[in-house]
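Novice: Dropping in data_12.tsv, with TSV, C-alpha atoms.
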```
chain	number	residue	atom	x	y	z
A	1	MET	CA	-106.23	12.70	-141.97
A	2	PHE	CA	-105.01	9.23	-141.25
A	3	ARG	CA	-103.19	8.71	-138.00
A	4	THR	CA	-101.15	5.67	-137.18
A	5	ARG	CA	-102.41	3.51	-134.33
A	6	LEU	CA	-99.13	3.55	-132.52
A	7	ARG	CA	-96.69	6.37	-131.98
A	8	LEU	CA	-93.29	5.28	-130.76
A	9	PRO	CA	-90.08	7.12	-129.92
A	10	ARG	CA	-86.86	5.69	-131.22
A	11	ARG	CA	-86.47	3.83	-127.96
A	12	LEU	CA	-89.61	2.60	-126.25
A	13	PRO	CA	-89.47	3.67	-122.60
A	14	VAL	CA	-89.56	0.66	-120.35
A	15	VAL	CA	-91.39	1.16	-117.09
A	16	SER	CA	-90.08	-1.39	-114.63
A	17	VAL	CA	-92.59	-2.68	-112.14
A	18	ARG	CA	-90.20	-4.88	-110.21
A	19	THR	CA	-89.58	-4.60	-106.51
A	20	ALA	CA	-86.63	-6.25	-104.80
A	21	ALA	CA	-88.81	-9.16	-103.72
A	22	HIS	CA	-90.33	-9.34	-107.18
A	23	ALA	CA	-86.92	-9.48	-108.85
A	24	ARG	CA	-85.99	-12.52	-106.76
A	25	ARG	CA	-89.14	-14.35	-107.82
A	26	SER	CA	-89.47	-13.22	-111.43
A	27	LEU	CA	-89.36	-16.36	-113.53
A	28	HIS	CA	-90.27	-14.92	-116.93
A	29	GLN	CA	-87.34	-13.39	-118.79
A	30	VAL	CA	-86.70	-12.08	-122.27
A	31	PRO	CA	-85.75	-15.14	-124.37
A	32	ARG	CA	-82.34	-15.33	-125.95
A	33	LEU	CA	-82.48	-15.35	-129.73
A	34	ARG	CA	-80.40	-17.80	-131.75
A	35	HIS	CA	-78.88	-14.96	-133.79
A	36	ASP	CA	-77.24	-11.71	-132.71
A	37	PHE	CA	-79.35	-8.88	-134.09
A	38	SER	CA	-77.94	-6.19	-131.81
A	39	GLN	CA	-76.70	-4.34	-134.91
A	40	GLY	CA	-80.04	-4.77	-136.59
A	41	VAL	CA	-81.65	-7.43	-138.76
A	42	PRO	CA	-80.03	-7.26	-142.22
A	43	ASN	CA	-82.35	-5.68	-144.80
A	44	LEU	CA	-85.23	-5.63	-142.30
A	45	MET	CA	-84.54	-3.60	-139.16
A	46	SER	CA	-82.01	-0.97	-138.18
A	47	PRO	CA	-80.38	-1.24	-134.73
A	48	GLY	CA	-82.97	1.23	-133.47
A	49	GLY	CA	-85.81	-0.68	-135.08
A	50	PHE	CA	-84.65	-3.94	-133.53
A	51	ALA	CA	-84.31	-2.26	-130.13
A	52	ILE	CA	-87.93	-1.14	-130.30
A	53	ALA	CA	-89.40	-4.33	-131.75
A	54	TRP	CA	-87.46	-6.78	-129.59
A	55	THR	CA	-85.33	-5.48	-126.72
A	56	ASP	CA	-87.59	-2.77	-125.36
A	57	TYR	CA	-90.91	-4.32	-126.26
A	58	MET	CA	-90.11	-7.77	-124.89
A	59	THR	CA	-88.68	-6.27	-121.70
A	60	LEU	CA	-91.93	-4.39	-121.19
A	61	MET	CA	-94.04	-7.51	-121.84
A	62	VAL	CA	-91.95	-9.62	-119.45
A	63	ASP	CA	-92.07	-6.97	-116.72
A	64	LYS	CA	-95.85	-6.80	-116.98
A	65	LEU	CA	-96.12	-10.59	-117.08
A	66	ASN	CA	-94.02	-10.99	-113.95
A	67	ALA	CA	-96.03	-8.32	-112.14
A	68	LEU	CA	-99.26	-10.24	-112.81
A	69	THR	CA	-98.02	-13.77	-112.15
A	70	THR	CA	-95.63	-13.43	-109.19
A	71	GLY	CA	-97.01	-15.39	-106.27
A	72	THR	CA	-99.66	-17.16	-108.38
A	73	ASP	CA	-99.91	-20.65	-109.84
A	74	LEU	CA	-98.86	-19.22	-113.21
A	75	GLU	CA	-95.51	-17.74	-112.25
A	76	ASP	CA	-93.58	-20.82	-113.41
A	77	LYS	CA	-95.67	-21.50	-116.53
A	78	ASP	CA	-94.42	-20.69	-120.03
A	79	THR	CA	-96.27	-18.13	-122.14
A	80	LYS	CA	-98.08	-20.71	-124.29
A	81	THR	CA	-99.45	-22.44	-121.19
A	82	ILE	CA	-100.57	-19.11	-119.72
A	83	ILE	CA	-102.35	-18.28	-122.99
A	84	LEU	CA	-104.32	-21.52	-122.94
A	85	LEU	CA	-105.18	-21.26	-119.26
A	86	THR	CA	-106.44	-17.67	-119.31
A	87	ALA	CA	-108.13	-17.32	-122.72
A	88	ARG	CA	-111.64	-18.03	-121.39
A	89	GLU	CA	-111.40	-16.17	-118.09
A	90	PRO	CA	-112.80	-12.62	-118.41
A	91	THR	CA	-110.85	-11.23	-115.46
A	92	LYS	CA	-107.55	-12.51	-116.89
A	93	ALA	CA	-107.64	-10.54	-120.15
A	94	PRO	CA	-104.56	-8.37	-119.34
A	95	LEU	CA	-102.55	-11.46	-118.39
A	96	PHE	CA	-103.61	-13.21	-121.60
A	97	ASN	CA	-102.67	-10.20	-123.69
A	98	TYR	CA	-99.18	-9.76	-122.23
A	99	ALA	CA	-98.42	-13.49	-122.44
A	100	SER	CA	-99.73	-13.77	-125.98
A	101	MET	CA	-97.86	-10.72	-127.24
A	102	ALA	CA	-94.60	-11.97	-125.70
A	103	HIS	CA	-95.14	-15.42	-127.21
A	104	ASN	CA	-96.14	-14.15	-130.67
A	105	ASN	CA	-93.30	-11.65	-130.91
A	106	HIS	CA	-90.77	-14.33	-129.94
A	107	PHE	CA	-92.27	-16.67	-132.55
A	108	PHE	CA	-91.79	-13.97	-135.19
A	109	PHE	CA	-88.14	-13.36	-134.37
A	110	ARG	CA	-87.15	-16.99	-134.00
A	111	GLY	CA	-88.46	-17.65	-137.51
A	112	ILE	CA	-85.86	-15.45	-139.20
A	113	CYS	CA	-82.09	-15.54	-139.60
A	114	PRO	CA	-79.57	-13.08	-141.10
A	115	GLN	CA	-79.60	-14.55	-144.62
A	116	GLY	CA	-82.52	-16.96	-144.58
A	117	THR	CA	-82.14	-20.69	-145.27
A	118	PRO	CA	-83.12	-22.79	-148.30
A	119	MET	CA	-86.49	-24.52	-148.18
A	120	PRO	CA	-86.03	-28.28	-147.69
A	121	PRO	CA	-87.47	-30.21	-150.69
A	122	VAL	CA	-89.88	-32.23	-148.56
A	123	LEU	CA	-91.39	-29.03	-147.11
A	124	ARG	CA	-91.51	-27.42	-150.55
A	125	LYS	CA	-93.49	-30.35	-151.90
A	126	GLU	CA	-96.07	-30.14	-149.11
A	127	LEU	CA	-96.43	-26.35	-149.36
A	128	GLU	CA	-96.88	-26.56	-153.12
A	129	ALA	CA	-99.66	-29.10	-152.58
A	130	SER	CA	-101.48	-26.59	-150.36
A	131	PHE	CA	-100.78	-23.33	-152.21
A	132	SER	CA	-100.10	-24.56	-155.77
A	133	SER	CA	-96.67	-22.88	-155.76
A	134	ILE	CA	-94.20	-21.23	-153.42
A	135	ASP	CA	-94.59	-17.97	-155.30
A	136	THR	CA	-98.34	-18.11	-154.60
A	137	LEU	CA	-97.61	-18.66	-150.91
A	138	ARG	CA	-95.27	-15.66	-150.92
A	139	GLN	CA	-97.87	-13.46	-152.60
A	140	GLU	CA	-100.58	-14.61	-150.19
A	141	PHE	CA	-98.36	-13.79	-147.22
A	142	VAL	CA	-97.42	-10.33	-148.48
A	143	LEU	CA	-100.87	-9.31	-149.73
A	144	THR	CA	-102.71	-10.63	-146.68
A	145	ALA	CA	-100.32	-8.84	-144.35
A	146	GLN	CA	-100.81	-5.62	-146.31
A	147	ALA	CA	-104.60	-6.02	-146.21
A	148	MET	CA	-104.83	-6.66	-142.46
A	149	PHE	CA	-106.78	-3.74	-141.02
A	150	GLY	CA	-105.08	-3.18	-137.71
A	151	PRO	CA	-102.00	-4.66	-136.06
A	152	GLY	CA	-101.53	-8.35	-135.43
A	153	PHE	CA	-99.71	-11.40	-136.74
A	154	LEU	CA	-100.05	-13.51	-139.87
A	155	TRP	CA	-99.34	-17.22	-139.36
A	156	LEU	CA	-98.43	-20.20	-141.49
A	157	VAL	CA	-100.16	-23.11	-139.76
A	158	LYS	CA	-100.36	-26.85	-140.33
A	159	ALA	CA	-103.88	-28.24	-140.02
A	160	GLY	CA	-103.11	-31.83	-140.98
A	161	PRO	CA	-100.77	-33.99	-143.07
A	162	ALA	CA	-99.58	-31.82	-145.97
A	163	ASP	CA	-102.38	-29.32	-145.15
A	164	TYR	CA	-101.02	-25.79	-144.67
A	165	ARG	CA	-102.98	-22.55	-144.36
A	166	LEU	CA	-102.57	-18.87	-143.52
A	167	LEU	CA	-104.22	-17.55	-140.36
A	168	PRO	CA	-104.36	-13.85	-139.39
A	169	THR	CA	-104.76	-12.90	-135.73
A	170	TYR	CA	-105.34	-9.34	-134.56
A	171	LEU	CA	-103.88	-7.48	-131.61
A	172	ALA	CA	-102.84	-10.12	-129.04
A	173	GLY	CA	-104.91	-12.91	-130.62
A	174	SER	CA	-103.43	-16.40	-130.48
A	175	PRO	CA	-103.25	-19.05	-133.24
A	176	TYR	CA	-103.70	-21.95	-130.79
A	177	PRO	CA	-107.10	-23.68	-130.98
A	178	GLY	CA	-107.42	-23.73	-127.20
A	179	ALA	CA	-107.39	-19.93	-127.17
A	180	HIS	CA	-109.81	-19.27	-130.02
A	181	TRP	CA	-112.99	-19.38	-127.95
A	182	ARG	CA	-112.27	-16.33	-125.86
A	183	ARG	CA	-114.61	-14.67	-123.34
A	184	GLN	CA	-112.78	-11.38	-123.02
A	185	LYS	CA	-114.26	-8.18	-124.42
A	186	THR	CA	-111.07	-6.17	-124.26
A	187	ASP	CA	-110.00	-6.47	-127.90
A	188	MET	CA	-111.34	-7.30	-131.36
A	189	ASN	CA	-110.54	-10.99	-130.99
A	190	SER	CA	-113.28	-11.44	-128.40
A	191	ILE	CA	-115.88	-14.07	-129.20
A	192	GLY	CA	-119.10	-15.05	-127.48
A	193	ASP	CA	-121.32	-13.56	-124.86
A	194	GLU	CA	-120.02	-12.04	-121.70
A	195	GLY	CA	-120.85	-14.34	-118.85
A	196	SER	CA	-119.47	-16.79	-116.41
A	197	ALA	CA	-116.46	-18.60	-117.84
A	198	ARG	CA	-114.96	-21.57	-116.14
A	199	PRO	CA	-112.17	-20.60	-113.76
A	200	TYR	CA	-108.94	-20.63	-115.75
A	201	LEU	CA	-107.19	-22.99	-113.34
A	202	ARG	CA	-109.89	-25.61	-113.66
A	203	ASN	CA	-108.29	-26.63	-116.97
A	204	GLN	CA	-104.79	-26.13	-115.69
A	205	LEU	CA	-103.24	-29.57	-115.71
A	206	SER	CA	-105.84	-31.50	-117.65
A	207	GLY	CA	-103.66	-31.19	-120.74
A	208	ALA	CA	-104.26	-30.42	-124.38
A	209	LYS	CA	-106.26	-33.62	-124.91
A	210	LYS	CA	-109.14	-32.30	-122.83
A	211	ARG	CA	-109.06	-28.95	-124.59
A	212	THR	CA	-109.10	-30.76	-127.94
A	213	ALA	CA	-112.72	-31.76	-127.25
A	214	GLU	CA	-113.57	-28.15	-126.42
A	215	LEU	CA	-112.69	-26.44	-129.67
A	216	PRO	CA	-114.90	-23.47	-130.58
A	217	PRO	CA	-117.64	-24.08	-133.17
A	218	GLY	CA	-115.95	-24.69	-136.50
A	219	GLY	CA	-112.54	-24.87	-134.86
A	220	ILE	CA	-109.84	-27.26	-136.04
A	221	GLU	CA	-106.61	-28.53	-134.58
A	222	LEU	CA	-103.58	-26.76	-136.02
A	223	GLU	CA	-99.93	-26.09	-135.30
A	224	PRO	CA	-98.34	-22.65	-135.92
A	225	LEU	CA	-95.07	-22.86	-137.85
A	226	LEU	CA	-94.14	-19.31	-138.83
A	227	CYS	CA	-95.47	-15.80	-138.30
A	228	LEU	CA	-95.08	-12.28	-139.62
A	229	ASN	CA	-95.48	-9.42	-137.16
A	230	THR	CA	-97.66	-6.65	-138.63
A	231	TRP	CA	-97.66	-4.39	-135.57
A	232	GLU	CA	-96.43	-0.87	-136.34
A	233	HIS	CA	-93.57	-1.11	-133.85
A	234	ALA	CA	-92.07	-3.88	-136.01
A	235	TRP	CA	-91.93	-1.95	-139.29
A	236	LEU	CA	-92.92	1.71	-138.98
A	237	LEU	CA	-89.54	3.13	-137.94
A	238	ASP	CA	-87.62	1.63	-140.86
A	239	TRP	CA	-90.29	1.18	-143.51
A	240	GLY	CA	-92.96	3.78	-142.83
A	241	VAL	CA	-93.48	6.85	-144.96
A	242	GLY	CA	-91.46	9.63	-143.39
A	243	ALA	CA	-88.98	7.14	-141.93
A	244	GLY	CA	-87.15	6.42	-145.15
A	245	GLY	CA	-90.24	6.09	-147.33
A	246	GLN	CA	-89.28	2.59	-148.47
A	247	GLY	CA	-92.78	1.34	-149.13
A	248	GLY	CA	-94.40	0.58	-145.80
A	249	LYS	CA	-95.76	-2.71	-144.54
A	250	MET	CA	-95.79	-4.48	-147.92
A	251	ALA	CA	-92.10	-3.79	-148.53
A	252	PHE	CA	-91.37	-4.91	-144.97
A	253	ALA	CA	-93.20	-8.20	-145.61
A	254	GLU	CA	-91.35	-8.77	-148.89
A	255	SER	CA	-88.00	-8.24	-147.19
A	256	TRP	CA	-89.00	-10.53	-144.31
A	257	TRP	CA	-89.75	-13.33	-146.77
A	258	GLU	CA	-86.07	-13.39	-147.81
A	259	LEU	CA	-84.95	-13.96	-144.20
A	260	ILE	CA	-87.18	-16.92	-143.27
A	261	ASP	CA	-85.41	-19.84	-141.63
A	262	TRP	CA	-87.17	-22.57	-143.60
A	263	GLU	CA	-85.17	-25.31	-141.90
A	264	GLN	CA	-86.74	-24.32	-138.58
A	265	VAL	CA	-90.17	-24.22	-140.19
A	266	ALA	CA	-89.61	-27.74	-141.54
A	267	LYS	CA	-88.59	-28.98	-138.10
A	268	HIS	CA	-91.69	-27.46	-136.48
A	269	SER	CA	-93.88	-29.06	-139.14
A	270	GLY	CA	-92.40	-32.47	-138.46
A	271	VAL	CA	-91.08	-33.07	-141.96
A	272	LEU	CA	-87.50	-32.86	-140.68
A	273	ARG	CA	-86.00	-34.41	-137.58
A	274	PRO	CA	-85.19	-31.87	-134.82
A	275	ASP	CA	-81.51	-32.89	-135.02
A	276	PHE	CA	-81.34	-32.35	-138.81
A	277	LYS	CA	-78.43	-30.21	-139.98
A	278	SER	CA	-78.11	-29.08	-143.56
A	279	ALA	CA	-74.75	-28.50	-145.20
A	280	ALA	CA	-75.33	-24.74	-144.83
A	281	THR	CA	-76.09	-25.10	-141.13
A	282	GLU	CA	-73.01	-27.25	-140.51
A	283	GLU	CA	-70.83	-24.81	-142.45
A	284	ALA	CA	-72.16	-21.87	-140.39
A	285	ALA	CA	-71.53	-23.77	-137.16
```
Could the structure of this file be written out as structure tokens, please?

Specialist:
Amino acid sequence: MFRTRLRLPRRLPVVSVRTAAHARRSLHQVPRLRHDFSQGVPNLMSPGGFAIAWTDYMTLMVDKLNALTTGTDLEDKDTKTIILLTAREPTKAPLFNYASMAHNNHFFFRGICPQGTPMPPVLRKELEASFSSIDTLRQEFVLTAQAMFGPGFLWLVKAGPADYRLLPTYLAGSPYPGAHWRRQKTDMNSIGDEGSARPYLRNQLSGAKKRTAELPPGGIELEPLLCLNTWEHAWLLDWGVGAGGQGGKMAFAESWWELIDWEQVAKHSGVLRPDFKSAATEEAA
């Protein structure tokens, strides 16, 4: 009998680890989303589903992150920086996992909007060059997400000029090249032999340029642009069999595709200026 990997109540209990002194120093907070999904994400998540996948889950991740970073050199670092600084330090695996999950989940939610946005022509042209057609890209996203054995995230990444690819990461795995060569045996993303890794702060302020020369074997530079969350807490309540029976993870992925904010994807990829506003965006504003 198959059992799901994650059993969740309708509201994930949040165990606060903050003391009064901790609360004064806690610098990591749940990010504010650009859209109000408090009543659910249209055609994707019910209010209860959104509460589990965002409000409760992110609160838990931030509480854990603050508990581990308060009073350290990482307490004022953003989650991406923490990921890159702790990925190769065996004793920092819990910190890496909480930071990476918070970062990845935020990336997922900031890539969607209530009705989706049209794909800018310049981005469409580049994606078609990489995937032959947008319909092929959609199918690859949906089928790969469905085929992922275990929870994680599926990313659209840019590996070079007009060079786009899909990248799956499992559990708290990160898409950033600087975090691919991990030395932590606490999840299935672990790579390499257990041994002495360089202290995580030794790379702290040397910048991405130094890490560029330290890519794992076969690694390439890439930039994540969009991701789909395949963790059960993102889709099981509203799309799982027995919770509406609407088709499971594949149906969830197909519905997600219709809500992608392609204008934001285009800005992240560099094909649109950050200050670009489409007619639809200006009308909504």

Novice: Between A:Val265, A:Ile260, A:Leu236, A:Leu154, which one has atoms that come closest to A:Ile52, using all atoms listed in the file?

Specialist: A:Leu236

Novice: Please indicate the distance in Å from atom CA of A:Pro118 to atom CA of A:Glu258, rounded to one decimal place.

Specialist: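 Separation of atom CA of A:Pro118 and atom CA of A:Glu258: 9.9 Å.
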
Novice: Report, in Å to a single decimal, how far apart atom CA of A:Ala51 and atom CA of A:Trp235 are.

Specialist: 11.9 Å

Novice: Ranking A:Pro121, A:Pro114, A:Pro31, A:Pro224 by minimum distance to A:Ala102 and counting only C-alpha atoms, which one comes first?

Specialist: A:Pro31

Novice: In Å, how far is it from atom CA of A:Gly40 to atom CA of A:Phe108?

Specialist: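 These two atoms are separated by 15.0 Å.
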
Novice: Compute the distance from (-99.8, -28.6, -145.3) to each atom, counting all atoms listed in the file, keep the residues with any atom at most 10 Å away, and return them as a PDB file with C-alpha atoms, in the coordinates of the input; use the coordinates of the file.

Specialist:
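See selection.pdb below for the written result:
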```
ATOM      1  CA  LEU A 123     -91.390 -29.030-147.110  1.00  0.00           C
ATOM      2  CA  ARG A 124     -91.510 -27.420-150.550  1.00  0.00           C
ATOM      3  CA  LYS A 125     -93.490 -30.350-151.900  1.00  0.00           C
ATOM      4  CA  GLU A 126     -96.070 -30.140-149.110  1.00  0.00           C
ATOM      5  CA  LEU A 127     -96.430 -26.350-149.360  1.00  0.00           C
ATOM      6  CA  GLU A 128     -96.880 -26.560-153.120  1.00  0.00           C
ATOM      7  CA  ALA A 129     -99.660 -29.100-152.580  1.00  0.00           C
ATOM      8  CA  SER A 130    -101.480 -26.590-150.360  1.00  0.00           C
ATOM      9  CA  PHE A 131    -100.780 -23.330-152.210  1.00  0.00           C
ATOM     10  CA  LEU A 156     -98.430 -20.200-141.490  1.00  0.00           C
ATOM     11  CA  VAL A 157    -100.160 -23.110-139.760  1.00  0.00           C
ATOM     12  CA  LYS A 158    -100.360 -26.850-140.330  1.00  0.00           C
ATOM     13  CA  ALA A 159    -103.880 -28.240-140.020  1.00  0.00           C
ATOM     14  CA  GLY A 160    -103.110 -31.830-140.980  1.00  0.00           C
ATOM     15  CA  PRO A 161    -100.770 -33.990-143.070  1.00  0.00           C
ATOM     16  CA  ALA A 162     -99.580 -31.820-145.970  1.00  0.00           C
ATOM     17  CA  ASP A 163    -102.380 -29.320-145.150  1.00  0.00           C
ATOM     18  CA  TYR A 164    -101.020 -25.790-144.670  1.00  0.00           C
ATOM     19  CA  ARG A 165    -102.980 -22.550-144.360  1.00  0.00           C
ATOM     20  CA  SER A 269     -93.880 -29.060-139.140  1.00  0.00           C
TER      21      SER A 269
END
```

Novice: Need to verify the contact set: A:Leu65, 7 Å, all atoms listed in the file, exclusion of same-chain residues closer than 3 positions in sequence. Can you return it as a list of chain:residue names?

Specialist: A:Met61, A:Val62, A:Leu68, A:Thr69, A:Leu95, A:Tyr98, A:Ala99

Novice: Identify which of the residues A:Leu85, A:Val30, A:Met148, A:Leu143 lies closest to A:Tyr176, counting all atoms listed in the file when measuring atom-to-atom distances.

Specialist: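 Closest to A:Tyr176, using all atoms listed in the file: A:Leu85.
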
Novice: If I only want stretch 84-94 of chain A, can you write it with all heavy atoms, as a PDB file, in the first residue's frame?

Specialist:
```pdb
ATOM      1  N   LEU A  84      24.620  29.494  -0.515  1.00  0.00           N
ATOM      2  CA  LEU A  84      25.932  29.381  -1.141  1.00  0.00           C
ATOM      3  C   LEU A  84      27.057  29.245  -0.117  1.00  0.00           C
ATOM      4  O   LEU A  84      28.078  28.613  -0.393  1.00  0.00           O
ATOM      5  CB  LEU A  84      26.177  30.597  -2.037  1.00  0.00           C
ATOM      6  CG  LEU A  84      25.219  30.738  -3.233  1.00  0.00           C
ATOM      7  CD1 LEU A  84      25.507  32.024  -3.993  1.00  0.00           C
ATOM      8  CD2 LEU A  84      25.334  29.527  -4.160  1.00  0.00           C
ATOM      9  N   LEU A  85      26.860  29.819   1.063  1.00  0.00           N
ATOM     10  CA  LEU A  85      27.909  29.790   2.070  1.00  0.00           C
ATOM     11  C   LEU A  85      27.913  28.526   2.923  1.00  0.00           C
ATOM     12  O   LEU A  85      28.887  28.252   3.620  1.00  0.00           O
ATOM     13  CB  LEU A  85      27.786  31.013   2.991  1.00  0.00           C
ATOM     14  CG  LEU A  85      27.987  32.383   2.325  1.00  0.00           C
ATOM     15  CD1 LEU A  85      27.855  33.496   3.350  1.00  0.00           C
ATOM     16  CD2 LEU A  85      29.338  32.445   1.641  1.00  0.00           C
ATOM     17  N   THR A  86      26.832  27.771   2.892  1.00  0.00           N
ATOM     18  CA  THR A  86      26.738  26.590   3.761  1.00  0.00           C
ATOM     19  C   THR A  86      26.672  25.275   2.996  1.00  0.00           C
ATOM     20  O   THR A  86      26.715  24.212   3.616  1.00  0.00           O
ATOM     21  CB  THR A  86      25.500  26.680   4.672  1.00  0.00           C
ATOM     22  OG1 THR A  86      24.308  26.764   3.869  1.00  0.00           O
ATOM     23  CG2 THR A  86      25.588  27.909   5.571  1.00  0.00           C
ATOM     24  N   ALA A  87      26.579  25.315   1.662  1.00  0.00           N
ATOM     25  CA  ALA A  87      26.347  24.098   0.886  1.00  0.00           C
ATOM     26  C   ALA A  87      27.449  23.057   1.051  1.00  0.00           C
ATOM     27  O   ALA A  87      27.185  21.862   0.964  1.00  0.00           O
ATOM     28  CB  ALA A  87      26.197  24.448  -0.598  1.00  0.00           C
ATOM     29  N   ARG A  88      28.687  23.482   1.313  1.00  0.00           N
ATOM     30  CA  ARG A  88      29.799  22.531   1.379  1.00  0.00           C
ATOM     31  C   ARG A  88      30.311  22.308   2.799  1.00  0.00           C
ATOM     32  O   ARG A  88      31.386  21.747   2.990  1.00  0.00           O
ATOM     33  CB  ARG A  88      30.929  23.009   0.467  1.00  0.00           C
ATOM     34  CG  ARG A  88      30.510  23.078  -0.997  1.00  0.00           C
ATOM     35  CD  ARG A  88      31.693  23.357  -1.895  1.00  0.00           C
ATOM     36  NE  ARG A  88      32.656  22.259  -1.841  1.00  0.00           N
ATOM     37  CZ  ARG A  88      33.876  22.332  -2.366  1.00  0.00           C
ATOM     38  NH1 ARG A  88      34.265  23.450  -2.950  1.00  0.00           N
ATOM     39  NH2 ARG A  88      34.693  21.306  -2.291  1.00  0.00           N
ATOM     40  N   GLU A  89      29.527  22.741   3.774  1.00  0.00           N
ATOM     41  CA  GLU A  89      29.924  22.554   5.169  1.00  0.00           C
ATOM     42  C   GLU A  89      29.039  21.479   5.803  1.00  0.00           C
ATOM     43  O   GLU A  89      27.835  21.681   6.008  1.00  0.00           O
ATOM     44  CB  GLU A  89      29.787  23.868   5.925  1.00  0.00           C
ATOM     45  CG  GLU A  89      30.007  23.770   7.419  1.00  0.00           C
ATOM     46  CD  GLU A  89      31.337  23.141   7.767  1.00  0.00           C
ATOM     47  OE1 GLU A  89      32.373  23.586   7.233  1.00  0.00           O
ATOM     48  OE2 GLU A  89      31.329  22.194   8.569  1.00  0.00           O
ATOM     49  N   PRO A  90      29.589  20.302   6.100  1.00  0.00           N
ATOM     50  CA  PRO A  90      28.767  19.199   6.602  1.00  0.00           C
ATOM     51  C   PRO A  90      27.948  19.545   7.834  1.00  0.00           C
ATOM     52  O   PRO A  90      26.805  19.106   7.969  1.00  0.00           O
ATOM     53  CB  PRO A  90      29.805  18.112   6.911  1.00  0.00           C
ATOM     54  CG  PRO A  90      30.955  18.424   6.011  1.00  0.00           C
ATOM     55  CD  PRO A  90      31.002  19.916   5.934  1.00  0.00           C
ATOM     56  N   THR A  91      28.501  20.324   8.754  1.00  0.00           N
ATOM     57  CA  THR A  91      27.788  20.607   9.999  1.00  0.00           C
ATOM     58  C   THR A  91      26.673  21.628   9.813  1.00  0.00           C
ATOM     59  O   THR A  91      25.900  21.856  10.737  1.00  0.00           O
ATOM     60  CB  THR A  91      28.758  21.127  11.067  1.00  0.00           C
ATOM     61  OG1 THR A  91      29.326  22.373  10.625  1.00  0.00           O
ATOM     62  CG2 THR A  91      29.868  20.127  11.331  1.00  0.00           C
ATOM     63  N   LYS A  92      26.587  22.240   8.634  1.00  0.00           N
ATOM     64  CA  LYS A  92      25.580  23.271   8.386  1.00  0.00           C
ATOM     65  C   LYS A  92      24.424  22.768   7.533  1.00  0.00           C
ATOM     66  O   LYS A  92      23.672  23.574   6.979  1.00  0.00           O
ATOM     67  CB  LYS A  92      26.226  24.493   7.718  1.00  0.00           C
ATOM     68  CG  LYS A  92      27.319  25.143   8.552  1.00  0.00           C
ATOM     69  CD  LYS A  92      26.773  25.686   9.863  1.00  0.00           C
ATOM     70  CE  LYS A  92      27.880  26.317  10.705  1.00  0.00           C
ATOM     71  NZ  LYS A  92      27.373  26.814  11.994  1.00  0.00           N
ATOM     72  N   ALA A  93      24.266  21.459   7.433  1.00  0.00           N
ATOM     73  CA  ALA A  93      23.196  20.905   6.606  1.00  0.00           C
ATOM     74  C   ALA A  93      21.806  21.398   7.010  1.00  0.00           C
ATOM     75  O   ALA A  93      21.012  21.790   6.149  1.00  0.00           O
ATOM     76  CB  ALA A  93      23.253  19.377   6.625  1.00  0.00           C
ATOM     77  N   PRO A  94      21.433  21.409   8.309  1.00  0.00           N
ATOM     78  CA  PRO A  94      20.098  21.917   8.664  1.00  0.00           C
ATOM     79  C   PRO A  94      19.898  23.372   8.244  1.00  0.00           C
ATOM     80  O   PRO A  94      18.833  23.736   7.740  1.00  0.00           O
ATOM     81  CB  PRO A  94      20.059  21.759  10.191  1.00  0.00           C
ATOM     82  CG  PRO A  94      21.026  20.667  10.482  1.00  0.00           C
ATOM     83  CD  PRO A  94      22.138  20.855   9.489  1.00  0.00           C
TER      84      PRO A  94
END
```
